[in-house]
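K.L.:
My questions will all concern the structure given below.
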Amino acid sequence: MTQELATIVDFIRYGASRFGAAGLTFGHSYDNALDEATHLVLHALHLPHDLAPAYGAARLIAEEKRAVLELIERRIAEHKPVAYLTGEAWFAGLKFKSDTRALVPRSPIAELIQAGFAPWLDERPVERALDLCTGSGCIGIAMAAHNPDWQVDLADISDDALALARENVEFQDVADRVRVIRSDLFANLGGERYDLIVSNPPYVTEQEYAALPPEYGHEPALGLRAGDDGLDFALRILAAAPEHLNEDGVLIVEVGESERALVERLPQVPFNWIEFNVGQMGVFLLDRRDLVEHAEAIRAAAQQRRKA
């Protein structure tokens with residue numbers, strides 16, 4: 001049957017149809033079967049991701065067909081995210097190395113980076129930024145790539161993730177302005193202060209984690225699980241961030257579906273929930289002054305939660 005497939009478009013359509021029929025789950029860089037199939041086919045053919053549509057009619061030779069079909073079948077049989085099969089993922093317009101040492105690069109924060117954090121950082125100069133819980137390094141490296149005058153630190157507790165982040169620092173040629181630090185949140189960042197702290201920490205609840213599709217089982221659990229309410233890390237970040245922000249500093253944190261639990265625990269905190277092109281995505285922004293003003297409530301919420 002596959003002998004009838006000839007062109008690049010044929011194989012993209014075939015892959016998307018197979019993925020849809022197999023009931024695969026999407027969400028690792030791409031949210032649909034067609035985009036995943038496109039990434040997979042173009043990678044197998046060593047072609048750029050922004051290939052002009054006119055090349056879609058190009059015909060594949062037998063060896064190329066075998067390579068594409070092998071990846072399609074692996075995606076279906078293993079339920080492994082395409083980024084892990086190809087070893088690459090795109091984030092904020094940049095290509096990153098991706099493997100099972102860290103989560104597949106994905107976050108609505110990419111939209112903020114590409115927009116220059118407008119309007120949130122308008123009139124606020126940034127010299128130093130921190131990507132906390134950096135994983136593959138995609139957020140911090142993208143910040144440095146899009147803002148050549150920024151100095152950016154990448155922090156994570158996972159040695160595996162940090163090794164991948166270092167590879168991505170070299171891959172994107174930003175080693176002159178990006179530093180990689182092993183740290184359990186702020187533990188090894190004593191004395192460091194930043195104009196901007198951005199974090200995409202683990203925020204999946206235990207109940208949600210148990211119900212995740214098999215694609216997520218290929219990712220390190222350390223980067224996903226965050227307790228019964230998904231706030232194991234968010235509350236710790238909120239409590240410690242003021243000590244590491246400059247006076248006019250800004251904190252941006254992604255908490256995903258744990259947004260409701262956070263608001264319920266801290267109703268008095270004036271979270272700015274950022275609207276993206278596709279709507280609200282569980283990402284908040286707070287100025288340092290708001291963190292300081294509500295520091296007591298934040299500490300109390302964290303302590304009360306530990307006792308519960």
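In the structure tokens, the first chain shown is A, the next is B, and so on; residue numbers restart at 1 for each chain, and ligands run from 1 in the order shown.
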Can you check which residues of region 190-257 of chain A DSSP gives as strand (DSSP E or B) on the backbone and send them as a list of chain:residue names?
P.N.:
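Those in region 190-257 of chain A that DSSP calls strand (DSSP E or B) are A:Tyr194, A:Asp195, A:Leu196, A:Ile197, A:Val198, A:Ser199, A:Val204, A:Arg225, A:Leu245, A:Asn246, A:Glu247, A:Asp248, A:Gly249, A:Val250, A:Leu251, A:Ile252, A:Val253, A:Glu254.
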K.L.:
Now that the selection is made, can you save its residues with N, CA, C and O atoms as a PDB file, in the first residue's frame?
P.N.:
```pdb
ATOM      1  N   TYR A 194      18.636  39.434  40.095  1.00  0.00           N
ATOM      2  CA  TYR A 194      18.281  39.512  38.683  1.00  0.00           C
ATOM      3  C   TYR A 194      17.209  40.574  38.449  1.00  0.00           C
ATOM      4  O   TYR A 194      16.433  40.899  39.352  1.00  0.00           O
ATOM      5  N   ASP A 195      17.187  41.062  37.230  1.00  0.00           N
ATOM      6  CA  ASP A 195      16.121  41.977  36.816  1.00  0.00           C
ATOM      7  C   ASP A 195      14.871  41.198  36.405  1.00  0.00           C
ATOM      8  O   ASP A 195      13.749  41.716  36.488  1.00  0.00           O
ATOM      9  N   LEU A 196      15.079  39.954  35.971  1.00  0.00           N
ATOM     10  CA  LEU A 196      13.977  39.113  35.497  1.00  0.00           C
ATOM     11  C   LEU A 196      14.259  37.667  35.873  1.00  0.00           C
ATOM     12  O   LEU A 196      15.343  37.143  35.604  1.00  0.00           O
ATOM     13  N   ILE A 197      13.292  37.037  36.512  1.00  0.00           N
ATOM     14  CA  ILE A 197      13.349  35.598  36.784  1.00  0.00           C
ATOM     15  C   ILE A 197      12.165  34.950  36.073  1.00  0.00           C
ATOM     16  O   ILE A 197      11.015  35.356  36.273  1.00  0.00           O
ATOM     17  N   VAL A 198      12.465  33.967  35.256  1.00  0.00           N
ATOM     18  CA  VAL A 198      11.433  33.230  34.527  1.00  0.00           C
ATOM     19  C   VAL A 198      11.553  31.761  34.910  1.00  0.00           C
ATOM     20  O   VAL A 198      12.663  31.217  34.944  1.00  0.00           O
ATOM     21  N   SER A 199      10.427  31.125  35.195  1.00  0.00           N
ATOM     22  CA  SER A 199      10.477  29.726  35.607  1.00  0.00           C
ATOM     23  C   SER A 199       9.296  28.941  35.059  1.00  0.00           C
ATOM     24  O   SER A 199       8.154  29.409  35.103  1.00  0.00           O
ATOM     25  N   VAL A 204       2.585  19.463  37.747  1.00  0.00           N
ATOM     26  CA  VAL A 204       1.560  18.433  37.528  1.00  0.00           C
ATOM     27  C   VAL A 204       1.206  17.786  38.865  1.00  0.00           C
ATOM     28  O   VAL A 204       2.099  17.361  39.615  1.00  0.00           O
ATOM     29  N   ARG A 225       6.184  16.217  38.191  1.00  0.00           N
ATOM     30  CA  ARG A 225       5.404  16.016  39.411  1.00  0.00           C
ATOM     31  C   ARG A 225       5.650  17.115  40.436  1.00  0.00           C
ATOM     32  O   ARG A 225       6.775  17.518  40.685  1.00  0.00           O
ATOM     33  N   LEU A 245      15.679  39.205  43.379  1.00  0.00           N
ATOM     34  CA  LEU A 245      15.240  40.183  42.386  1.00  0.00           C
ATOM     35  C   LEU A 245      15.740  41.570  42.757  1.00  0.00           C
ATOM     36  O   LEU A 245      15.741  41.936  43.935  1.00  0.00           O
ATOM     37  N   ASN A 246      16.158  42.326  41.768  1.00  0.00           N
ATOM     38  CA  ASN A 246      16.480  43.725  41.995  1.00  0.00           C
ATOM     39  C   ASN A 246      15.204  44.495  42.318  1.00  0.00           C
ATOM     40  O   ASN A 246      14.093  43.987  42.160  1.00  0.00           O
ATOM     41  N   GLU A 247      15.343  45.714  42.760  1.00  0.00           N
ATOM     42  CA  GLU A 247      14.200  46.485  43.269  1.00  0.00           C
ATOM     43  C   GLU A 247      13.038  46.535  42.285  1.00  0.00           C
ATOM     44  O   GLU A 247      11.877  46.421  42.684  1.00  0.00           O
ATOM     45  N   ASP A 248      13.323  46.726  41.002  1.00  0.00           N
ATOM     46  CA  ASP A 248      12.267  46.778  39.992  1.00  0.00           C
ATOM     47  C   ASP A 248      12.129  45.460  39.246  1.00  0.00           C
ATOM     48  O   ASP A 248      11.600  45.413  38.133  1.00  0.00           O
ATOM     49  N   GLY A 249      12.600  44.376  39.860  1.00  0.00           N
ATOM     50  CA  GLY A 249      12.609  43.086  39.200  1.00  0.00           C
ATOM     51  C   GLY A 249      11.227  42.482  39.019  1.00  0.00           C
ATOM     52  O   GLY A 249      10.262  42.838  39.703  1.00  0.00           O
ATOM     53  N   VAL A 250      11.162  41.524  38.088  1.00  0.00           N
ATOM     54  CA  VAL A 250       9.901  40.877  37.723  1.00  0.00           C
ATOM     55  C   VAL A 250      10.075  39.361  37.773  1.00  0.00           C
ATOM     56  O   VAL A 250      11.108  38.826  37.354  1.00  0.00           O
ATOM     57  N   LEU A 251       9.043  38.693  38.284  1.00  0.00           N
ATOM     58  CA  LEU A 251       8.999  37.225  38.325  1.00  0.00           C
ATOM     59  C   LEU A 251       7.890  36.732  37.404  1.00  0.00           C
ATOM     60  O   LEU A 251       6.755  37.200  37.492  1.00  0.00           O
ATOM     61  N   ILE A 252       8.226  35.788  36.523  1.00  0.00           N
ATOM     62  CA  ILE A 252       7.241  35.166  35.637  1.00  0.00           C
ATOM     63  C   ILE A 252       7.319  33.660  35.846  1.00  0.00           C
ATOM     64  O   ILE A 252       8.398  33.061  35.733  1.00  0.00           O
ATOM     65  N   VAL A 253       6.181  33.037  36.162  1.00  0.00           N
ATOM     66  CA  VAL A 253       6.153  31.607  36.461  1.00  0.00           C
ATOM     67  C   VAL A 253       4.971  30.951  35.753  1.00  0.00           C
ATOM     68  O   VAL A 253       3.851  31.468  35.765  1.00  0.00           O
ATOM     69  N   GLU A 254       5.234  29.791  35.171  1.00  0.00           N
ATOM     70  CA  GLU A 254       4.170  28.980  34.570  1.00  0.00           C
ATOM     71  C   GLU A 254       3.716  27.923  35.572  1.00  0.00           C
ATOM     72  O   GLU A 254       4.539  27.159  36.085  1.00  0.00           O
TER      73      GLU A 254
END
```
K.L.:
When DSSP is applied to the backbone of this structure, which of region 148-294 of chain A are assigned helix (DSSP H, G or I)? Write them out as a compact mmCIF listing (two decimals) with all heavy atoms, in the first residue's frame.
P.N.:
```
# COMPACT_ATOMS: atom_id res chain seq x y z
N ASP A 159 21.37 16.82 37.07
CA ASP A 159 22.64 16.79 36.34
C ASP A 159 22.43 16.42 34.88
O ASP A 159 23.11 16.95 33.99
CB ASP A 159 23.59 15.79 36.99
CG ASP A 159 24.09 16.25 38.36
OD1 ASP A 159 24.25 17.48 38.55
OD2 ASP A 159 24.31 15.40 39.24
N ASP A 160 21.49 15.51 34.62
CA ASP A 160 21.21 15.13 33.24
C ASP A 160 20.68 16.31 32.44
O ASP A 160 21.12 16.57 31.31
CB ASP A 160 20.20 13.98 33.19
CG ASP A 160 20.80 12.64 33.59
OD1 ASP A 160 22.04 12.53 33.56
OD2 ASP A 160 20.03 11.72 33.92
N ALA A 161 19.73 17.02 33.01
CA ALA A 161 19.16 18.17 32.32
C ALA A 161 20.22 19.24 32.08
O ALA A 161 20.28 19.84 30.99
CB ALA A 161 18.00 18.76 33.12
N LEU A 162 21.07 19.47 33.07
CA LEU A 162 22.10 20.49 32.92
C LEU A 162 23.12 20.12 31.85
O LEU A 162 23.64 20.99 31.14
CB LEU A 162 22.80 20.73 34.26
CG LEU A 162 21.94 21.40 35.33
CD1 LEU A 162 22.68 21.43 36.67
CD2 LEU A 162 21.54 22.81 34.92
N ALA A 163 23.41 18.82 31.72
CA ALA A 163 24.32 18.39 30.66
C ALA A 163 23.72 18.71 29.29
O ALA A 163 24.42 19.18 28.38
CB ALA A 163 24.59 16.89 30.78
N LEU A 164 22.42 18.47 29.14
CA LEU A 164 21.75 18.80 27.89
C LEU A 164 21.71 20.31 27.69
O LEU A 164 21.92 20.81 26.56
CB LEU A 164 20.33 18.23 27.89
CG LEU A 164 19.48 18.52 26.65
CD1 LEU A 164 20.14 17.99 25.38
CD2 LEU A 164 18.07 17.91 26.81
N ALA A 165 21.45 21.05 28.75
CA ALA A 165 21.42 22.51 28.65
C ALA A 165 22.77 23.04 28.17
O ALA A 165 22.83 23.96 27.34
CB ALA A 165 21.04 23.13 29.99
N ARG A 166 23.85 22.49 28.70
CA ARG A 166 25.19 22.93 28.26
C ARG A 166 25.39 22.66 26.77
O ARG A 166 25.99 23.47 26.06
CB ARG A 166 26.26 22.23 29.10
CG ARG A 166 26.32 22.69 30.55
CD ARG A 166 27.52 22.11 31.28
NE ARG A 166 27.51 22.50 32.69
CZ ARG A 166 26.99 21.76 33.65
NH1 ARG A 166 26.44 20.57 33.36
NH2 ARG A 166 27.00 22.18 34.91
N GLU A 167 24.91 21.51 26.31
CA GLU A 167 25.02 21.21 24.89
C GLU A 167 24.24 22.23 24.06
O GLU A 167 24.69 22.66 22.99
CB GLU A 167 24.51 19.80 24.60
CG GLU A 167 25.39 18.70 25.18
CD GLU A 167 24.82 17.32 24.93
OE1 GLU A 167 23.99 17.17 24.00
OE2 GLU A 167 25.20 16.37 25.65
N ASN A 168 23.09 22.63 24.56
CA ASN A 168 22.29 23.62 23.84
C ASN A 168 22.90 25.02 23.89
O ASN A 168 22.76 25.79 22.94
CB ASN A 168 20.86 23.63 24.38
CG ASN A 168 20.00 22.53 23.77
OD1 ASN A 168 20.07 22.29 22.57
ND2 ASN A 168 19.20 21.87 24.59
N VAL A 169 23.58 25.33 24.98
CA VAL A 169 24.29 26.61 25.05
C VAL A 169 25.34 26.68 23.95
O VAL A 169 25.47 27.69 23.24
CB VAL A 169 24.95 26.79 26.44
CG1 VAL A 169 25.95 27.94 26.42
CG2 VAL A 169 23.89 27.04 27.50
N GLU A 170 26.09 25.60 23.78
CA GLU A 170 27.10 25.55 22.72
C GLU A 170 26.45 25.53 21.35
O GLU A 170 26.92 26.19 20.42
CB GLU A 170 27.98 24.31 22.91
CG GLU A 170 28.81 24.32 24.19
CD GLU A 170 29.81 25.47 24.24
OE1 GLU A 170 30.31 25.88 23.16
OE2 GLU A 170 30.07 25.97 25.35
N PHE A 171 25.37 24.78 21.22
CA PHE A 171 24.69 24.65 19.94
C PHE A 171 24.18 26.01 19.44
O PHE A 171 24.24 26.31 18.25
CB PHE A 171 23.53 23.66 20.08
CG PHE A 171 22.80 23.36 18.80
CD1 PHE A 171 23.42 22.67 17.78
CD2 PHE A 171 21.48 23.77 18.63
CE1 PHE A 171 22.75 22.38 16.60
CE2 PHE A 171 20.80 23.49 17.45
CZ PHE A 171 21.44 22.79 16.43
N GLU A 206 -0.27 14.90 41.49
CA GLU A 206 -0.10 13.45 41.51
C GLU A 206 -1.25 12.75 40.77
O GLU A 206 -1.04 11.77 40.05
CB GLU A 206 -0.02 12.94 42.95
CG GLU A 206 1.23 13.40 43.69
CD GLU A 206 2.52 12.90 43.02
OE1 GLU A 206 2.53 11.79 42.46
OE2 GLU A 206 3.52 13.64 43.05
N GLN A 207 -2.46 13.25 40.95
CA GLN A 207 -3.61 12.67 40.27
C GLN A 207 -3.49 12.84 38.76
O GLN A 207 -3.76 11.90 38.00
CB GLN A 207 -4.90 13.31 40.78
CG GLN A 207 -6.16 12.70 40.19
CD GLN A 207 -7.42 13.32 40.78
OE1 GLN A 207 -7.36 14.25 41.58
NE2 GLN A 207 -8.58 12.79 40.41
N GLU A 208 -3.08 14.02 38.33
CA GLU A 208 -2.91 14.27 36.90
C GLU A 208 -1.79 13.41 36.33
O GLU A 208 -1.91 12.88 35.22
CB GLU A 208 -2.60 15.75 36.66
CG GLU A 208 -3.78 16.68 36.91
CD GLU A 208 -3.36 18.14 36.93
OE1 GLU A 208 -2.16 18.43 37.08
OE2 GLU A 208 -4.26 19.00 36.79
N TYR A 209 -0.71 13.27 37.10
CA TYR A 209 0.43 12.50 36.60
C TYR A 209 0.05 11.04 36.36
O TYR A 209 0.45 10.44 35.37
CB TYR A 209 1.60 12.58 37.58
CG TYR A 209 2.84 11.89 37.08
CD1 TYR A 209 3.67 12.51 36.14
CD2 TYR A 209 3.18 10.62 37.52
CE1 TYR A 209 4.80 11.87 35.66
CE2 TYR A 209 4.32 9.97 37.05
CZ TYR A 209 5.13 10.61 36.12
OH TYR A 209 6.24 9.97 35.63
N ALA A 210 -0.74 10.49 37.27
CA ALA A 210 -1.15 9.09 37.13
C ALA A 210 -2.01 8.87 35.89
O ALA A 210 -2.08 7.74 35.38
CB ALA A 210 -1.91 8.65 38.38
N PRO A 214 0.78 7.85 27.60
CA PRO A 214 2.11 7.22 27.61
C PRO A 214 3.22 8.09 27.06
O PRO A 214 4.39 7.89 27.40
CB PRO A 214 1.92 5.95 26.77
CG PRO A 214 0.65 6.15 26.02
CD PRO A 214 -0.21 7.03 26.86
N GLU A 215 2.90 9.06 26.20
CA GLU A 215 3.95 9.95 25.67
C GLU A 215 4.74 10.62 26.80
O GLU A 215 5.96 10.79 26.70
CB GLU A 215 3.34 11.02 24.77
CG GLU A 215 3.05 10.58 23.35
CD GLU A 215 1.75 9.79 23.21
OE1 GLU A 215 1.08 9.55 24.23
OE2 GLU A 215 1.39 9.43 22.08
N TYR A 216 4.04 10.98 27.88
CA TYR A 216 4.69 11.69 28.97
C TYR A 216 5.57 10.76 29.81
O TYR A 216 6.44 11.22 30.55
CB TYR A 216 3.65 12.36 29.86
CG TYR A 216 2.93 13.49 29.16
CD1 TYR A 216 1.81 13.25 28.36
CD2 TYR A 216 3.39 14.79 29.26
CE1 TYR A 216 1.16 14.28 27.70
CE2 TYR A 216 2.74 15.84 28.60
CZ TYR A 216 1.64 15.56 27.82
OH TYR A 216 1.00 16.59 27.16
N GLY A 217 5.35 9.46 29.69
CA GLY A 217 6.17 8.50 30.43
C GLY A 217 7.61 8.45 29.95
O GLY A 217 8.48 7.92 30.64
N HIS A 218 7.89 9.00 28.78
CA HIS A 218 9.26 9.05 28.27
C HIS A 218 10.04 10.23 28.85
O HIS A 218 11.26 10.29 28.72
CB HIS A 218 9.25 9.16 26.74
CG HIS A 218 8.71 7.94 26.05
ND1 HIS A 218 9.46 6.81 25.82
CD2 HIS A 218 7.47 7.67 25.56
CE1 HIS A 218 8.73 5.91 25.20
NE2 HIS A 218 7.51 6.40 25.04
N ALA A 221 10.19 12.22 35.29
CA ALA A 221 9.12 12.58 36.22
C ALA A 221 9.52 13.78 37.07
O ALA A 221 8.65 14.55 37.50
CB ALA A 221 8.78 11.39 37.11
N LEU A 222 10.82 13.94 37.31
CA LEU A 222 11.31 15.06 38.11
C LEU A 222 10.88 16.41 37.54
O LEU A 222 10.70 17.37 38.29
CB LEU A 222 12.84 14.99 38.19
CG LEU A 222 13.56 16.05 39.03
CD1 LEU A 222 13.20 15.88 40.50
CD2 LEU A 222 15.06 15.94 38.83
N GLY A 223 10.68 16.46 36.23
CA GLY A 223 10.30 17.71 35.60
C GLY A 223 8.81 17.95 35.54
O GLY A 223 8.37 19.00 35.03
N ALA A 234 6.10 26.05 43.04
CA ALA A 234 5.63 27.43 42.83
C ALA A 234 5.65 28.23 44.13
O ALA A 234 6.09 29.38 44.16
CB ALA A 234 4.23 27.43 42.23
N LEU A 235 5.20 27.63 45.21
CA LEU A 235 5.16 28.36 46.48
C LEU A 235 6.56 28.65 47.01
O LEU A 235 6.83 29.71 47.56
CB LEU A 235 4.36 27.58 47.52
CG LEU A 235 2.84 27.56 47.30
CD1 LEU A 235 2.17 26.63 48.31
CD2 LEU A 235 2.26 28.96 47.40
N ARG A 236 7.48 27.71 46.81
CA ARG A 236 8.87 27.93 47.23
C ARG A 236 9.50 29.05 46.41
O ARG A 236 10.27 29.87 46.94
CB ARG A 236 9.68 26.65 47.08
CG ARG A 236 9.31 25.54 48.06
CD ARG A 236 10.01 24.24 47.71
NE ARG A 236 11.47 24.41 47.74
CZ ARG A 236 12.31 23.51 47.22
NH1 ARG A 236 11.83 22.42 46.62
NH2 ARG A 236 13.61 23.72 47.28
N ILE A 237 9.18 29.09 45.14
CA ILE A 237 9.72 30.15 44.28
C ILE A 237 9.18 31.51 44.72
O ILE A 237 9.93 32.49 44.83
CB ILE A 237 9.36 29.87 42.80
CG1 ILE A 237 10.13 28.64 42.30
CG2 ILE A 237 9.66 31.08 41.92
CD1 ILE A 237 9.68 28.13 40.95
N LEU A 238 7.88 31.58 44.97
CA LEU A 238 7.27 32.83 45.42
C LEU A 238 7.90 33.33 46.72
O LEU A 238 8.13 34.54 46.89
CB LEU A 238 5.77 32.65 45.61
CG LEU A 238 4.92 32.58 44.35
CD1 LEU A 238 3.52 32.05 44.69
CD2 LEU A 238 4.81 33.95 43.70
N ALA A 239 8.17 32.41 47.63
CA ALA A 239 8.70 32.81 48.93
C ALA A 239 10.14 33.32 48.84
O ALA A 239 10.51 34.27 49.55
CB ALA A 239 8.63 31.62 49.89
N ALA A 240 10.94 32.73 47.98
CA ALA A 240 12.37 33.06 47.94
C ALA A 240 12.73 34.10 46.89
O ALA A 240 13.80 34.70 46.96
CB ALA A 240 13.19 31.79 47.70
N ALA A 241 11.87 34.32 45.91
CA ALA A 241 12.20 35.20 44.78
C ALA A 241 12.61 36.61 45.17
O ALA A 241 13.53 37.18 44.56
CB ALA A 241 11.04 35.23 43.79
N PRO A 242 11.96 37.26 46.17
CA PRO A 242 12.34 38.65 46.48
C PRO A 242 13.81 38.83 46.80
O PRO A 242 14.39 39.87 46.49
CB PRO A 242 11.45 38.99 47.68
CG PRO A 242 10.28 38.10 47.55
CD PRO A 242 10.82 36.82 46.98
N GLU A 243 14.43 37.83 47.41
CA GLU A 243 15.84 37.92 47.77
C GLU A 243 16.75 37.89 46.54
O GLU A 243 17.94 38.20 46.65
CB GLU A 243 16.22 36.78 48.72
CG GLU A 243 15.48 36.79 50.04
CD GLU A 243 15.87 35.61 50.91
OE1 GLU A 243 16.88 34.94 50.58
OE2 GLU A 243 15.16 35.35 51.90
N HIS A 244 16.19 37.51 45.41
CA HIS A 244 17.01 37.35 44.21
C HIS A 244 16.56 38.25 43.06
O HIS A 244 17.01 38.10 41.93
CB HIS A 244 16.99 35.88 43.76
CG HIS A 244 17.55 34.96 44.79
ND1 HIS A 244 18.90 34.72 44.93
CD2 HIS A 244 16.94 34.24 45.77
CE1 HIS A 244 19.10 33.89 45.93
NE2 HIS A 244 17.93 33.58 46.46
N GLY A 256 0.46 26.30 34.85
CA GLY A 256 -0.50 25.50 34.11
C GLY A 256 -1.85 25.36 34.80
O GLY A 256 -2.44 26.33 35.27
N GLU A 257 -2.31 24.11 34.88
CA GLU A 257 -3.62 23.84 35.47
C GLU A 257 -3.66 24.05 36.98
O GLU A 257 -4.73 24.01 37.58
CB GLU A 257 -4.04 22.40 35.14
CG GLU A 257 -4.24 22.12 33.66
CD GLU A 257 -5.38 22.95 33.07
OE1 GLU A 257 -6.37 23.18 33.79
OE2 GLU A 257 -5.25 23.38 31.91
N SER A 258 -2.49 24.26 37.59
CA SER A 258 -2.46 24.52 39.03
C SER A 258 -2.77 25.97 39.38
O SER A 258 -2.70 26.36 40.55
CB SER A 258 -1.09 24.13 39.60
OG SER A 258 -0.88 22.73 39.47
N GLU A 259 -3.14 26.74 38.36
CA GLU A 259 -3.50 28.15 38.58
C GLU A 259 -4.61 28.28 39.62
O GLU A 259 -4.54 29.11 40.54
CB GLU A 259 -3.96 28.78 37.27
CG GLU A 259 -4.55 30.15 37.40
CD GLU A 259 -5.11 30.69 36.08
OE1 GLU A 259 -4.72 30.20 35.01
OE2 GLU A 259 -5.94 31.61 36.14
N ARG A 260 -5.64 27.47 39.51
CA ARG A 260 -6.78 27.58 40.43
C ARG A 260 -6.36 27.33 41.87
O ARG A 260 -6.74 28.06 42.79
CB ARG A 260 -7.87 26.60 40.03
CG ARG A 260 -9.09 26.62 40.96
CD ARG A 260 -10.16 25.65 40.51
NE ARG A 260 -10.67 26.00 39.18
CZ ARG A 260 -11.60 25.29 38.54
NH1 ARG A 260 -12.11 24.19 39.11
NH2 ARG A 260 -12.02 25.67 37.36
N ALA A 261 -5.54 26.29 42.08
CA ALA A 261 -5.09 25.97 43.43
C ALA A 261 -4.25 27.10 44.01
O ALA A 261 -4.35 27.42 45.20
CB ALA A 261 -4.28 24.67 43.42
N LEU A 262 -3.44 27.73 43.17
CA LEU A 262 -2.61 28.83 43.64
C LEU A 262 -3.45 30.03 44.05
O LEU A 262 -3.22 30.65 45.10
CB LEU A 262 -1.61 29.23 42.54
CG LEU A 262 -0.61 30.32 42.89
CD1 LEU A 262 0.26 29.91 44.07
CD2 LEU A 262 0.26 30.66 41.68
N VAL A 263 -4.43 30.38 43.24
CA VAL A 263 -5.30 31.51 43.55
C VAL A 263 -6.11 31.25 44.81
O VAL A 263 -6.33 32.15 45.63
CB VAL A 263 -6.22 31.82 42.36
CG1 VAL A 263 -7.27 32.86 42.73
CG2 VAL A 263 -5.40 32.31 41.16
N GLU A 264 -6.54 30.01 44.99
CA GLU A 264 -7.31 29.67 46.19
C GLU A 264 -6.45 29.80 47.45
O GLU A 264 -6.94 30.23 48.50
CB GLU A 264 -7.86 28.25 46.07
CG GLU A 264 -9.00 28.13 45.07
CD GLU A 264 -9.48 26.70 44.92
OE1 GLU A 264 -8.84 25.78 45.51
OE2 GLU A 264 -10.48 26.48 44.22
N ARG A 265 -5.18 29.47 47.36
CA ARG A 265 -4.31 29.56 48.53
C ARG A 265 -3.86 30.99 48.80
O ARG A 265 -3.59 31.35 49.95
CB ARG A 265 -3.08 28.66 48.34
CG ARG A 265 -3.37 27.18 48.47
CD ARG A 265 -2.11 26.36 48.63
NE ARG A 265 -2.42 24.95 48.80
CZ ARG A 265 -2.71 24.37 49.97
NH1 ARG A 265 -2.72 25.11 51.07
NH2 ARG A 265 -2.98 23.08 50.04
N ARG A 288 8.48 42.58 42.12
CA ARG A 288 9.11 42.30 43.41
C ARG A 288 8.35 42.97 44.55
O ARG A 288 8.18 42.38 45.63
CB ARG A 288 10.56 42.77 43.42
CG ARG A 288 11.28 42.46 44.74
CD ARG A 288 12.71 42.96 44.76
NE ARG A 288 13.37 42.57 46.00
CZ ARG A 288 13.29 43.24 47.15
NH1 ARG A 288 12.58 44.38 47.18
NH2 ARG A 288 13.92 42.82 48.23
N ARG A 289 7.89 44.19 44.32
CA ARG A 289 7.19 44.90 45.40
C ARG A 289 5.94 44.15 45.85
O ARG A 289 5.58 44.18 47.03
CB ARG A 289 6.85 46.33 44.98
CG ARG A 289 5.93 46.46 43.78
CD ARG A 289 5.63 47.93 43.49
NE ARG A 289 4.84 48.07 42.28
CZ ARG A 289 5.37 48.20 41.07
NH1 ARG A 289 6.68 48.21 40.93
NH2 ARG A 289 4.60 48.33 39.99
N ASP A 290 5.25 43.48 44.93
CA ASP A 290 4.07 42.70 45.31
C ASP A 290 4.48 41.46 46.11
O ASP A 290 3.79 41.07 47.04
CB ASP A 290 3.29 42.29 44.07
CG ASP A 290 2.63 43.46 43.37
OD1 ASP A 290 2.16 44.37 44.08
OD2 ASP A 290 2.60 43.49 42.12
N LEU A 291 5.60 40.86 45.71
CA LEU A 291 6.09 39.70 46.46
C LEU A 291 6.48 40.09 47.88
O LEU A 291 6.19 39.36 48.84
CB LEU A 291 7.30 39.10 45.73
CG LEU A 291 7.02 38.40 44.41
CD1 LEU A 291 8.31 38.18 43.64
CD2 LEU A 291 6.31 37.07 44.65
N VAL A 292 7.11 41.24 48.01
CA VAL A 292 7.51 41.71 49.35
C VAL A 292 6.28 42.06 50.18
O VAL A 292 6.20 41.70 51.36
CB VAL A 292 8.44 42.94 49.22
CG1 VAL A 292 8.69 43.56 50.59
CG2 VAL A 292 9.75 42.54 48.56
N GLU A 293 5.33 42.76 49.58
CA GLU A 293 4.12 43.17 50.31
C GLU A 293 3.35 41.97 50.84
O GLU A 293 2.77 42.03 51.94
CB GLU A 293 3.23 44.00 49.40
CG GLU A 293 1.95 44.49 50.07
CD GLU A 293 1.08 45.32 49.14
OE1 GLU A 293 1.57 45.71 48.05
OE2 GLU A 293 -0.08 45.59 49.51
```
K.L.:
Near region 19-29 of chain A, within 7 Å and counting only C-alpha atoms, which residues show up once chain neighbours fewer than 5 positions away are dropped, as a list in words?
P.N.:
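That gives Ile76, His79, Pro81, Ala89, Val104, Pro105, Arg106, Pro213 and Glu215 of chain A.
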K.L.:
For Val9 (chain A), which of A:Pro53, A:Pro220, A:Pro125, A:Pro267 is the closest residue, counting only C-alpha atoms?
P.N.:
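Closest to Val9 (chain A), using only C-alpha atoms: A:Pro53.
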K.L.:
Please list as a list in words every residue within 9 Å of region 113-116 of chain A, counting only C-alpha atoms and excluding residues in the same chain fewer than 2 positions away.
P.N.:
Ala92, Gly93, Ile109, Ala110, Glu111, Ala118, Pro119, Trp120, Leu121, Asp122, Ile139, Ala142, Met143, His146 and Asn147 of chain A
K.L.:
To one decimal in Å, tell me the separation between CA of Asp156 (chain A) and CA of Cys133 (chain A).
P.N.:
4.6 Å
